[in-house]
Structures are given as structure tokens and as C-alpha cells.
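Pasted below: target34.cif, mmCIF, C-alpha atoms and all ligand atoms.
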data_my_file
#
loop_
_atom_site.group_PDB
_atom_site.id
_atom_site.type_symbol
_atom_site.label_atom_id
_atom_site.label_comp_id
_atom_site.auth_asym_id
_atom_site.auth_seq_id
_atom_site.Cartn_x
_atom_site.Cartn_y
_atom_site.Cartn_z
ATOM 1 C CA MET I 512 111.835 93.618 56.673
ATOM 2 C CA ARG I 513 115.190 91.800 56.463
ATOM 3 C CA ILE I 514 118.022 92.838 58.751
ATOM 4 C CA ALA I 515 121.694 91.849 58.559
ATOM 5 C CA VAL I 516 122.865 91.204 62.147
ATOM 6 C CA LEU I 517 126.619 91.651 62.602
ATOM 7 C CA SER I 518 128.756 91.321 65.718
ATOM 8 C CA ASP I 519 132.433 91.504 66.663
ATOM 9 C CA ILE I 520 133.643 93.065 63.418
ATOM 10 C CA HIS I 521 136.902 94.033 65.147
ATOM 11 C CA SER I 522 138.308 96.502 62.619
ATOM 12 C CA ASN I 523 138.326 93.857 59.862
ATOM 13 C CA LEU I 524 137.327 95.716 56.691
ATOM 14 C CA GLU I 525 137.738 92.748 54.324
ATOM 15 C CA ALA I 526 135.376 90.627 56.431
ATOM 16 C CA LEU I 527 132.834 93.451 56.800
ATOM 17 C CA THR I 528 132.875 94.229 53.071
ATOM 18 C CA ALA I 529 132.397 90.538 52.201
ATOM 19 C CA VAL I 530 129.480 90.233 54.633
ATOM 20 C CA LEU I 531 127.697 93.339 53.351
ATOM 21 C CA ALA I 532 128.065 92.135 49.744
ATOM 22 C CA HIS I 533 126.876 88.620 50.667
ATOM 23 C CA ALA I 534 123.878 89.961 52.602
ATOM 24 C CA GLY I 535 122.729 91.773 49.457
ATOM 25 C CA SER I 536 119.753 94.082 49.685
ATOM 26 C CA VAL I 537 118.652 94.227 53.298
ATOM 27 C CA ASP I 538 116.468 96.859 54.925
ATOM 28 C CA ALA I 539 118.799 97.507 57.858
ATOM 29 C CA VAL I 540 122.160 96.625 59.371
ATOM 30 C CA TRP I 541 122.344 96.038 63.119
ATOM 31 C CA GLN I 542 125.662 95.597 64.917
ATOM 32 C CA LEU I 543 126.200 94.060 68.355
ATOM 33 C CA GLY I 544 129.440 95.688 69.471
ATOM 34 C CA ASP I 545 133.201 95.250 69.254
ATOM 35 C CA VAL I 546 133.272 97.226 66.042
ATOM 36 C CA VAL I 547 136.968 97.939 66.729
ATOM 37 C CA GLY I 548 139.888 96.266 68.511
ATOM 38 C CA TYR I 549 142.277 93.530 67.290
ATOM 39 C CA GLY I 550 142.125 94.474 63.599
ATOM 40 C CA PRO I 551 143.919 97.003 61.391
ATOM 41 C CA GLU I 552 141.214 99.374 60.102
ATOM 42 C CA PRO I 553 139.017 100.877 62.819
ATOM 43 C CA ASP I 554 138.282 104.128 60.986
ATOM 44 C CA ALA I 555 137.387 102.473 57.666
ATOM 45 C CA VAL I 556 135.133 99.953 59.412
ATOM 46 C CA VAL I 557 133.264 102.675 61.289
ATOM 47 C CA ALA I 558 132.960 104.771 58.117
ATOM 48 C CA THR I 559 131.510 101.756 56.281
ATOM 49 C CA LEU I 560 128.971 101.071 59.025
ATOM 50 C CA SER I 561 128.062 104.747 59.198
ATOM 51 C CA ALA I 562 127.562 104.851 55.414
ATOM 52 C CA VAL I 563 125.039 101.989 55.520
ATOM 53 C CA GLY I 564 123.235 103.556 58.474
ATOM 54 C CA ALA I 565 124.046 100.741 60.883
ATOM 55 C CA VAL I 566 122.538 100.965 64.349
ATOM 56 C CA GLY I 567 123.653 99.019 67.381
ATOM 57 C CA VAL I 568 125.483 98.864 70.648
ATOM 58 C CA ARG I 569 128.905 99.284 72.220
ATOM 59 C CA GLY I 570 131.215 96.391 73.067
ATOM 60 C CA ASN I 571 134.007 96.129 75.612
ATOM 61 C CA HIS I 572 136.646 96.698 72.912
ATOM 62 C CA ASP I 573 134.832 99.833 71.715
ATOM 63 C CA ALA I 574 134.751 101.118 75.294
ATOM 64 C CA ALA I 575 138.469 100.343 75.721
ATOM 65 C CA ALA I 576 139.315 102.127 72.467
ATOM 66 C CA LEU I 577 137.523 105.220 73.766
ATOM 67 C CA GLY I 578 139.757 105.231 76.845
ATOM 68 C CA GLY I 579 137.568 103.223 79.204
ATOM 69 C CA PRO I 580 138.858 101.071 82.085
ATOM 70 C CA GLU I 581 137.796 97.905 80.178
ATOM 71 C CA ILE I 582 141.371 97.737 78.843
ATOM 72 C CA GLU I 583 142.468 96.548 82.306
ATOM 73 C CA TRP I 584 140.736 93.163 81.769
ATOM 74 C CA PHE I 585 142.502 92.464 78.496
ATOM 75 C CA ASN I 586 145.262 89.933 77.859
ATOM 76 C CA PRO I 587 148.543 91.437 76.595
ATOM 77 C CA ASP I 588 147.725 91.017 72.871
ATOM 78 C CA ALA I 589 144.267 92.551 73.216
ATOM 79 C CA ARG I 590 145.706 95.369 75.308
ATOM 80 C CA ALA I 591 148.416 96.147 72.761
ATOM 81 C CA ALA I 592 145.796 96.237 69.997
ATOM 82 C CA ALA I 593 143.516 98.469 72.091
ATOM 83 C CA GLU I 594 146.357 100.911 72.757
ATOM 84 C CA TRP I 595 147.184 100.947 69.029
ATOM 85 C CA THR I 596 143.496 101.550 68.235
ATOM 86 C CA ARG I 597 143.308 104.460 70.697
ATOM 87 C CA ASP I 598 146.095 106.171 68.776
ATOM 88 C CA GLN I 599 144.404 105.626 65.405
ATOM 89 C CA LEU I 600 140.851 106.824 65.881
ATOM 90 C CA THR I 601 139.772 109.991 64.126
ATOM 91 C CA GLY I 602 137.393 112.420 65.787
ATOM 92 C CA ASP I 603 134.547 111.169 63.575
ATOM 93 C CA THR I 604 135.195 107.558 64.589
ATOM 94 C CA ARG I 605 135.344 108.460 68.274
ATOM 95 C CA ALA I 606 132.088 110.402 68.009
ATOM 96 C CA TRP I 607 130.329 107.494 66.260
ATOM 97 C CA LEU I 608 131.541 104.963 68.827
ATOM 98 C CA SER I 609 130.765 107.285 71.753
ATOM 99 C CA ALA I 610 127.139 107.561 70.639
ATOM 100 C CA LEU I 611 126.556 103.786 70.873
ATOM 101 C CA PRO I 612 124.391 102.744 73.848
ATOM 102 C CA GLU I 613 125.173 99.640 75.917
ATOM 103 C CA THR I 614 121.686 98.239 75.302
ATOM 104 C CA LEU I 615 119.183 98.955 72.542
ATOM 105 C CA ALA I 616 115.598 97.662 72.437
ATOM 106 C CA ILE I 617 113.900 97.600 69.027
ATOM 107 C CA ASP I 618 110.361 96.231 69.051
ATOM 108 C CA ASP I 619 110.569 92.581 70.240
ATOM 109 C CA LEU I 620 114.364 92.496 70.350
ATOM 110 C CA THR I 621 117.040 93.623 72.762
ATOM 111 C CA LEU I 622 120.482 94.218 71.262
ATOM 112 C CA VAL I 623 123.481 93.912 73.553
ATOM 113 C CA HIS I 624 127.144 92.941 73.276
ATOM 114 C CA GLY I 625 127.730 90.575 76.200
ATOM 115 C CA SER I 626 124.489 89.958 78.078
ATOM 116 C CA PRO I 627 121.417 91.969 79.127
ATOM 117 C CA ARG I 628 122.423 91.980 82.797
ATOM 118 C CA ASP I 629 126.090 92.825 82.187
ATOM 119 C CA PRO I 630 126.411 94.277 78.662
ATOM 120 C CA LEU I 631 130.170 94.750 78.512
ATOM 121 C CA ARG I 632 131.392 91.751 80.487
ATOM 122 C CA GLU I 633 129.266 88.633 80.731
ATOM 123 C CA TYR I 634 129.682 85.823 78.184
ATOM 124 C CA ILE I 635 126.530 83.816 77.474
ATOM 125 C CA THR I 636 128.117 80.396 77.198
ATOM 126 C CA SER I 637 125.529 78.057 78.718
ATOM 127 C CA ALA I 638 121.800 77.415 78.870
ATOM 128 C CA ALA I 639 121.825 78.409 82.553
ATOM 129 C CA ILE I 640 123.374 81.812 81.831
ATOM 130 C CA ALA I 641 120.994 82.288 78.907
ATOM 131 C CA ARG I 642 117.977 81.470 81.100
ATOM 132 C CA ALA I 643 119.071 83.845 83.870
ATOM 133 C CA ASN I 644 119.433 86.663 81.350
ATOM 134 C CA LEU I 645 116.047 86.055 79.741
ATOM 135 C CA ASP I 646 114.514 86.468 83.193
ATOM 136 C CA GLU I 647 115.938 90.016 83.314
ATOM 137 C CA VAL I 648 114.900 91.320 79.918
ATOM 138 C CA ALA I 649 111.491 92.611 78.836
ATOM 139 C CA THR I 650 111.600 91.657 75.154
ATOM 140 C CA PRO I 651 110.981 88.085 73.963
ATOM 141 C CA HIS I 652 114.214 87.986 71.978
ATOM 142 C CA VAL I 653 117.835 88.994 72.585
ATOM 143 C CA LEU I 654 120.591 89.463 70.010
ATOM 144 C CA HIS I 655 124.090 89.330 71.495
ATOM 145 C CA GLY I 656 127.743 88.667 70.628
ATOM 146 C CA HIS I 657 130.998 88.749 72.642
ATOM 147 C CA THR I 658 131.885 85.010 72.508
ATOM 148 C CA HIS I 659 132.627 85.026 68.747
ATOM 149 C CA VAL I 660 130.786 81.680 68.492
ATOM 150 C CA PRO I 661 127.415 81.436 66.719
ATOM 151 C CA VAL I 662 124.746 79.913 68.963
ATOM 152 C CA ALA I 663 121.015 80.119 69.630
ATOM 153 C CA PHE I 664 119.358 79.442 72.983
ATOM 154 C CA SER I 665 115.572 79.089 72.916
ATOM 155 C CA VAL I 666 112.911 78.217 75.453
ATOM 156 C CA GLU I 667 111.352 74.827 74.597
ATOM 157 C CA GLY I 668 108.660 74.125 77.182
ATOM 158 C CA ASP I 669 110.466 74.028 80.522
ATOM 159 C CA ARG I 670 113.923 73.476 79.103
ATOM 160 C CA MET I 671 116.364 75.666 77.210
ATOM 161 C CA GLY I 672 117.318 74.375 73.783
ATOM 162 C CA VAL I 673 120.813 75.061 72.433
ATOM 163 C CA VAL I 674 121.577 75.064 68.722
ATOM 164 C CA ALA I 675 124.910 75.749 67.023
ATOM 165 C CA PRO I 676 123.732 77.179 63.704
ATOM 166 C CA THR I 677 125.505 76.095 60.546
ATOM 167 C CA SER I 678 125.611 78.222 57.414
ATOM 168 C CA GLY I 679 122.085 78.427 56.037
ATOM 169 C CA SER I 680 120.347 76.955 59.068
ATOM 170 C CA THR I 681 117.098 78.663 60.100
ATOM 171 C CA LEU I 682 115.807 79.315 63.595
ATOM 172 C CA ALA I 683 112.094 80.085 63.976
ATOM 173 C CA LEU I 684 111.415 82.802 66.562
ATOM 174 C CA ALA I 685 107.625 82.784 66.509
ATOM 175 C CA GLY I 686 106.069 81.877 69.838
ATOM 176 C CA ARG I 687 109.302 81.224 71.704
ATOM 177 C CA ARG I 688 111.789 83.307 73.626
ATOM 178 C CA ALA I 689 115.348 83.122 72.352
ATOM 179 C CA LEU I 690 118.853 84.549 72.603
ATOM 180 C CA ILE I 691 120.789 84.546 69.350
ATOM 181 C CA ASN I 692 124.486 85.113 68.781
ATOM 182 C CA PRO I 693 125.337 85.498 65.069
ATOM 183 C CA GLY I 694 129.049 84.796 65.679
ATOM 184 C CA SER I 695 131.875 87.126 64.720
ATOM 185 C CA VAL I 696 132.361 88.930 61.422
ATOM 186 C CA GLY I 697 136.009 89.817 61.922
ATOM 187 C CA GLN I 698 137.496 87.217 64.261
ATOM 188 C CA PRO I 699 135.514 83.920 64.332
ATOM 189 C CA ARG I 700 136.475 81.503 67.130
ATOM 190 C CA ASP I 701 134.425 78.390 66.341
ATOM 191 C CA GLY I 702 137.043 76.778 64.111
ATOM 192 C CA ASP I 703 135.572 78.160 60.879
ATOM 193 C CA PRO I 704 137.618 81.120 59.596
ATOM 194 C CA ARG I 705 134.799 82.418 57.399
ATOM 195 C CA ALA I 706 133.003 85.590 58.549
ATOM 196 C CA ALA I 707 129.799 84.815 60.460
ATOM 197 C CA TYR I 708 126.589 86.847 60.576
ATOM 198 C CA ALA I 709 122.828 86.337 60.515
ATOM 199 C CA VAL I 710 119.823 87.604 58.608
ATOM 200 C CA LEU I 711 116.710 88.362 60.645
ATOM 201 C CA ASP I 712 113.371 88.367 58.801
ATOM 202 C CA ILE I 713 110.800 90.270 60.875
ATOM 203 C CA GLU I 714 107.709 89.152 58.931
ATOM 204 C CA ARG I 715 108.693 85.482 58.807
ATOM 205 C CA GLN I 716 110.087 85.589 62.382
ATOM 206 C CA THR I 717 113.196 83.684 61.353
ATOM 207 C CA VAL I 718 116.934 84.047 61.806
ATOM 208 C CA VAL I 719 119.229 82.455 59.227
ATOM 209 C CA GLY I 720 122.889 81.826 60.067
ATOM 210 C CA ARG I 721 125.342 82.742 57.344
ATOM 211 C CA ARG I 722 129.076 82.296 56.602
ATOM 212 C CA ILE I 723 131.174 83.858 53.877
ATOM 213 C CA ALA I 724 134.870 83.543 53.092
ATOM 214 C CA TYR I 725 136.879 86.753 52.849
ATOM 215 C CA ASP I 726 140.473 87.739 52.021
ATOM 216 C CA VAL I 727 142.117 86.677 55.307
ATOM 217 C CA THR I 728 145.605 87.078 53.804
ATOM 218 C CA MET I 729 144.955 90.737 53.033
ATOM 219 C CA THR I 730 143.764 91.454 56.586
ATOM 220 C CA GLN I 731 146.785 89.640 58.034
ATOM 221 C CA ALA I 732 149.157 91.661 55.828
ATOM 222 C CA LYS I 733 147.576 94.912 57.036
ATOM 223 C CA MET I 734 147.862 93.773 60.671
ATOM 224 C CA ARG I 735 151.562 92.972 60.300
ATOM 225 C CA GLU I 736 152.139 96.261 58.492
ATOM 226 C CA ALA I 737 150.489 98.065 61.429
ATOM 227 C CA GLY I 738 152.669 96.196 63.932
ATOM 228 C CA LEU I 739 149.735 94.520 65.677
ATOM 229 C CA PRO I 740 150.521 91.345 67.699
ATOM 230 C CA ASP I 741 151.254 88.469 65.305
ATOM 231 C CA ARG I 742 149.073 85.958 67.171
ATOM 232 C CA LEU I 743 146.012 88.112 66.452
ATOM 233 C CA ALA I 744 146.796 87.832 62.736
ATOM 234 C CA THR I 745 147.635 84.106 62.619
ATOM 235 C CA ARG I 746 144.462 83.065 64.464
ATOM 236 C CA LEU I 747 142.337 84.470 61.613
ATOM 237 C CA SER I 748 143.546 81.542 59.441
ATOM 238 C CA SER I 749 142.155 78.907 61.775
ATOM 239 C CA GLY I 750 139.144 80.708 63.213
ATOM 240 C CA ARG I 751 140.351 79.781 66.721
HETATM 241 ZN ZN ZN I 801 134.768 90.696 70.467
#
Kindly return the structure encoded in the file as C-alpha cells.
Ligand code: ZN
Amino acid sequence: MRIAVLSDIHSNLEALTAVLAHAGSVDAVWQLGDVVGYGPEPDAVVATLSAVGAVGVRGNHDAAALGGPEIEWFNPDARAAAEWTRDQLTGDTRAWLSALPETLAIDDLTLVHGSPRDPLREYITSAAIARANLDEVATPHVLHGHTHVPVAFSVEGDRMGVVAPTSGSTLALAGRRALINPGSVGQPRDGDPRAAYAVLDIERQTVVGRRIAYDVTMTQAKMREAGLPDRLATRLSSGR
């Protein structure tokens, strides 16, 4: 069973469409939250995920778009985009987002947006934070997003290994506990503007990091047309 693992799509339909085409025939699509926010097409992105039967969890931007207090933590650009998103969402989109849990355990994996111990807030940005979260989760493996930077933390003896996956690099899961962040589909922040995702192979117990270029110019044009903050559009060019 091969699973496309997507996080932080952020209403970016061009990036999502490119990723789904690049992933090819997979058996499932899992998403790790922040389906909406920042980008110009929340309804089309949710409809696309719904059509492929994606399962997954809620992110802080999804919660904010549904009217949650998470909007209070946002910087002015993120807040403006969240308020715009609130006004856009159809009833179907709201219902789909509302049904997402904060945490989802599937066999050996826990899916979460931020971290297992604080799903909507905590950023896993260090080996120490990764270790503390592994201590609080029952499954051997965790899939998470939120930072928009692809990274894998894995237990190597008594230390925590940290790997920044490049496109095509493979992490072996067998026999070791790990937390894996596939990076962001719709707003990468590791200096590479290409959409990031991962493919999980359950039988082989591997996770392969992937990158694919998409039509950034088209997404930026839609954002400007919608009146979204310009900085959110320009940063897509640099992946910062
Ligand atoms: Zn995000």
C-alpha cells in the first residue's frame, strides 16, 4: 500500500493538482492539516481532496477558517487571509473541514498537524521537541506538518537523528521510531518553491520525500485577484 502524504496545502489548487498528478496511482491520500488559509481557492482544494477520498486532520488555519479563536495568534497577513477564507467557504467545505479530527491514529502511525501533545499549536523544530512528543504517543511513527519544512526525526540508539530529506531521498521506518514532516504542498518555507510531499510505502516501511514544480504565477495571479495580502503571494516565488 502506497500513500501520498500531504500537509499545509493552504488553498493552493495548482500545487495540489501538480502533487496528485506527480504521485500517480497511490492507494490513499492522507493530509496533515492547514488545508485552507493563505491561498485563493479553499473550496476547490477541499472538493479535490474530497473527490480523492483524502483522510486526515485539522490544522490551526482550518480551525481559524471555521471561526475558531486560533485566528487571534495570527500575524496581520495570516489574519486577513483567514477572514477572507471565512467569507468564502461553502456549506460543503465547512462540513468537510468540521469533520476533521485533531489527531488520527492509523495502524502504526499518528497523524497530527503540529505535534501529538499540542496538535494545533506546537512546532516540532528540534530533536528535543521531537523526543518529548514521541514519549507521549502510543504509535511508533508520527506524521506531522505545521512548520512547512520537510524533516525527519528518528531514534538512533540513545540519540535522535535529524534528516532534512531532499527530493527522492528515502527514510527507512522499520525497527525505529520516527516523526516525519513531508513539508508543505502549497506554501513551502525551506527555500525551495516547489511543492513538497512524501510517499509512504507500508509494505516496504519507507517514506520517500518528493518535490514537484507547479504554476506559481497562476496561484499568485489568483491571490492578487482575490485581494489577498501581496506578501503571501510573493513568498511563493522564493519558498521562504
Ligand atoms: Zn500551515
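Run against this file, the PyMOL selection byres (((not hetatm)) within 10 of (chain I and resi 801)) gives back Ser518, Asp519, Ile520, His521, Leu543, Gly544, Asp545, Val546, Val547, Gly548, Tyr549, Gly570, Asn571, His572, Asp573, His624, Gly625, Gly656, His657, Thr658, His659, Gly694, Ser695, Val696, Gly697, Gln698, Pro699 and Arg700 of chain I.
Comparing I:Leu631, I:Ala592, I:Leu690, I:Val660 by their smallest distance to Asp646 (chain I), the closest is I:Leu690 (using all atoms listed in the file).
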Smallest atom-to-atom distance to Leu608 (chain I): which of I:Ser626, I:Asn586, I:Ser749, I:Ser561, using all atoms listed in the file?
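The answer is I:Ser561, which sits nearest to Leu608 (chain I).
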Could you list, as a count of residues only, every residue within 12 Å of region 685-688 of chain I, counting all atoms listed in the file and ignoring same-chain residues fewer than 6 positions away?
32
Go through I:Ser680, I:Thr728, I:Ser748, I:Thr559 and flag the residue nearest Gly702 (chain I), using all atoms listed in the file for the distances.
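With all atoms listed in the file as the atom set, the closest residue is I:Ser748.
Going from CA of Ala683 (chain I) to CA of Leu527 (chain I) covers 25.7 Å.
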What would the list of residues within 8 Å of (124.8, 76.9, 53.8) (file frame) look like as a PDB file with C-alpha atoms, keeping the file's coordinate frame, if only C-alpha atoms are what count?
ATOM      1  CA  THR I 677     125.505  76.095  60.546  1.00  0.00           C
ATOM      2  CA  SER I 678     125.611  78.222  57.414  1.00  0.00           C
ATOM      3  CA  GLY I 679     122.085  78.427  56.037  1.00  0.00           C
ATOM      4  CA  SER I 680     120.347  76.955  59.068  1.00  0.00           C
ATOM      5  CA  ARG I 721     125.342  82.742  57.344  1.00  0.00           C
ATOM      6  CA  ARG I 722     129.076  82.296  56.602  1.00  0.00           C
TER       7      ARG I 722
END
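One finds CA of Gln542 (chain I) at 11.5 Å from CA of Pro612 (chain I).
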Selection result for the PyMOL selection byres (((chain I and resi 550) around 12) and not hetatm) on this file, as a compact mmCIF listing (two decimals) with C-alpha atoms, in the frame of the given file:
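What landed in part-v8.txt:
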# COMPACT_ATOMS: atom_id res chain seq x y z
CA ASP I 519 132.43 91.50 66.66
CA ILE I 520 133.64 93.06 63.42
CA HIS I 521 136.90 94.03 65.15
CA SER I 522 138.31 96.50 62.62
CA ASN I 523 138.33 93.86 59.86
CA LEU I 524 137.33 95.72 56.69
CA GLU I 525 137.74 92.75 54.32
CA ALA I 526 135.38 90.63 56.43
CA LEU I 527 132.83 93.45 56.80
CA ASP I 545 133.20 95.25 69.25
CA VAL I 546 133.27 97.23 66.04
CA VAL I 547 136.97 97.94 66.73
CA GLY I 548 139.89 96.27 68.51
CA TYR I 549 142.28 93.53 67.29
CA PRO I 551 143.92 97.00 61.39
CA GLU I 552 141.21 99.37 60.10
CA PRO I 553 139.02 100.88 62.82
CA ASP I 554 138.28 104.13 60.99
CA ALA I 555 137.39 102.47 57.67
CA VAL I 556 135.13 99.95 59.41
CA HIS I 572 136.65 96.70 72.91
CA ASP I 588 147.72 91.02 72.87
CA ALA I 589 144.27 92.55 73.22
CA ALA I 591 148.42 96.15 72.76
CA ALA I 592 145.80 96.24 70.00
CA ALA I 593 143.52 98.47 72.09
CA GLU I 594 146.36 100.91 72.76
CA TRP I 595 147.18 100.95 69.03
CA THR I 596 143.50 101.55 68.24
CA GLN I 599 144.40 105.63 65.40
CA VAL I 696 132.36 88.93 61.42
CA GLY I 697 136.01 89.82 61.92
CA GLN I 698 137.50 87.22 64.26
CA VAL I 727 142.12 86.68 55.31
CA MET I 729 144.96 90.74 53.03
CA THR I 730 143.76 91.45 56.59
CA GLN I 731 146.78 89.64 58.03
CA ALA I 732 149.16 91.66 55.83
CA LYS I 733 147.58 94.91 57.04
CA MET I 734 147.86 93.77 60.67
CA ARG I 735 151.56 92.97 60.30
CA GLU I 736 152.14 96.26 58.49
CA ALA I 737 150.49 98.06 61.43
CA GLY I 738 152.67 96.20 63.93
CA LEU I 739 149.74 94.52 65.68
CA PRO I 740 150.52 91.34 67.70
CA ASP I 741 151.25 88.47 65.31
CA ARG I 742 149.07 85.96 67.17
CA LEU I 743 146.01 88.11 66.45
CA ALA I 744 146.80 87.83 62.74
CA THR I 745 147.64 84.11 62.62
CA ARG I 746 144.46 83.06 64.46
CA LEU I 747 142.34 84.47 61.61
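Straight-line separation from CA of Met512 (chain I) to CA of Leu560 (chain I): 18.8 Å.
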Take the PyMOL selection byres (((chain I and resi 514) around 9) and not hetatm), run it mentally on this structure, and tell me the resulting residues as a PDB file with C-alpha atoms, keeping the file's coordinate frame.
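result29.pdb written:
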ATOM      1  CA  MET I 512     111.835  93.618  56.673  1.00  0.00           C
ATOM      2  CA  ARG I 513     115.190  91.800  56.463  1.00  0.00           C
ATOM      3  CA  ALA I 515     121.694  91.849  58.559  1.00  0.00           C
ATOM      4  CA  VAL I 516     122.865  91.204  62.147  1.00  0.00           C
ATOM      5  CA  ALA I 534     123.878  89.961  52.602  1.00  0.00           C
ATOM      6  CA  VAL I 537     118.652  94.227  53.298  1.00  0.00           C
ATOM      7  CA  ASP I 538     116.468  96.859  54.925  1.00  0.00           C
ATOM      8  CA  ALA I 539     118.799  97.507  57.858  1.00  0.00           C
ATOM      9  CA  VAL I 540     122.160  96.625  59.371  1.00  0.00           C
ATOM     10  CA  TRP I 541     122.344  96.038  63.119  1.00  0.00           C
ATOM     11  CA  ALA I 709     122.828  86.337  60.515  1.00  0.00           C
ATOM     12  CA  VAL I 710     119.823  87.604  58.608  1.00  0.00           C
ATOM     13  CA  LEU I 711     116.710  88.362  60.645  1.00  0.00           C
ATOM     14  CA  ASP I 712     113.371  88.367  58.801  1.00  0.00           C
ATOM     15  CA  ILE I 713     110.800  90.270  60.875  1.00  0.00           C
TER      16      ILE I 713
END
Take every atom of region 634-639 of chain I listed in the file, fit an axis-aligned box around them, add 8 Å per side, and give the centre and edge lengths in Å to one decimal as lines of an AutoDock Vina configuration file.
center_x = 125.7
center_y = 81.6
center_z = 79.9
size_x = 23.9
size_y = 24.4
size_z = 21.4
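Each of I:Ile635, I:Ile640, I:Ala558, I:Ile582 was checked against Leu600 (chain I) using all atoms listed in the file; the smallest atom-to-atom distance is that of I:Ala558.
Nearest to Ala532 (chain I) of all the residues I:Pro676, I:Ala576, I:Val563, I:Val557 is I:Val563, counting only C-alpha atoms.
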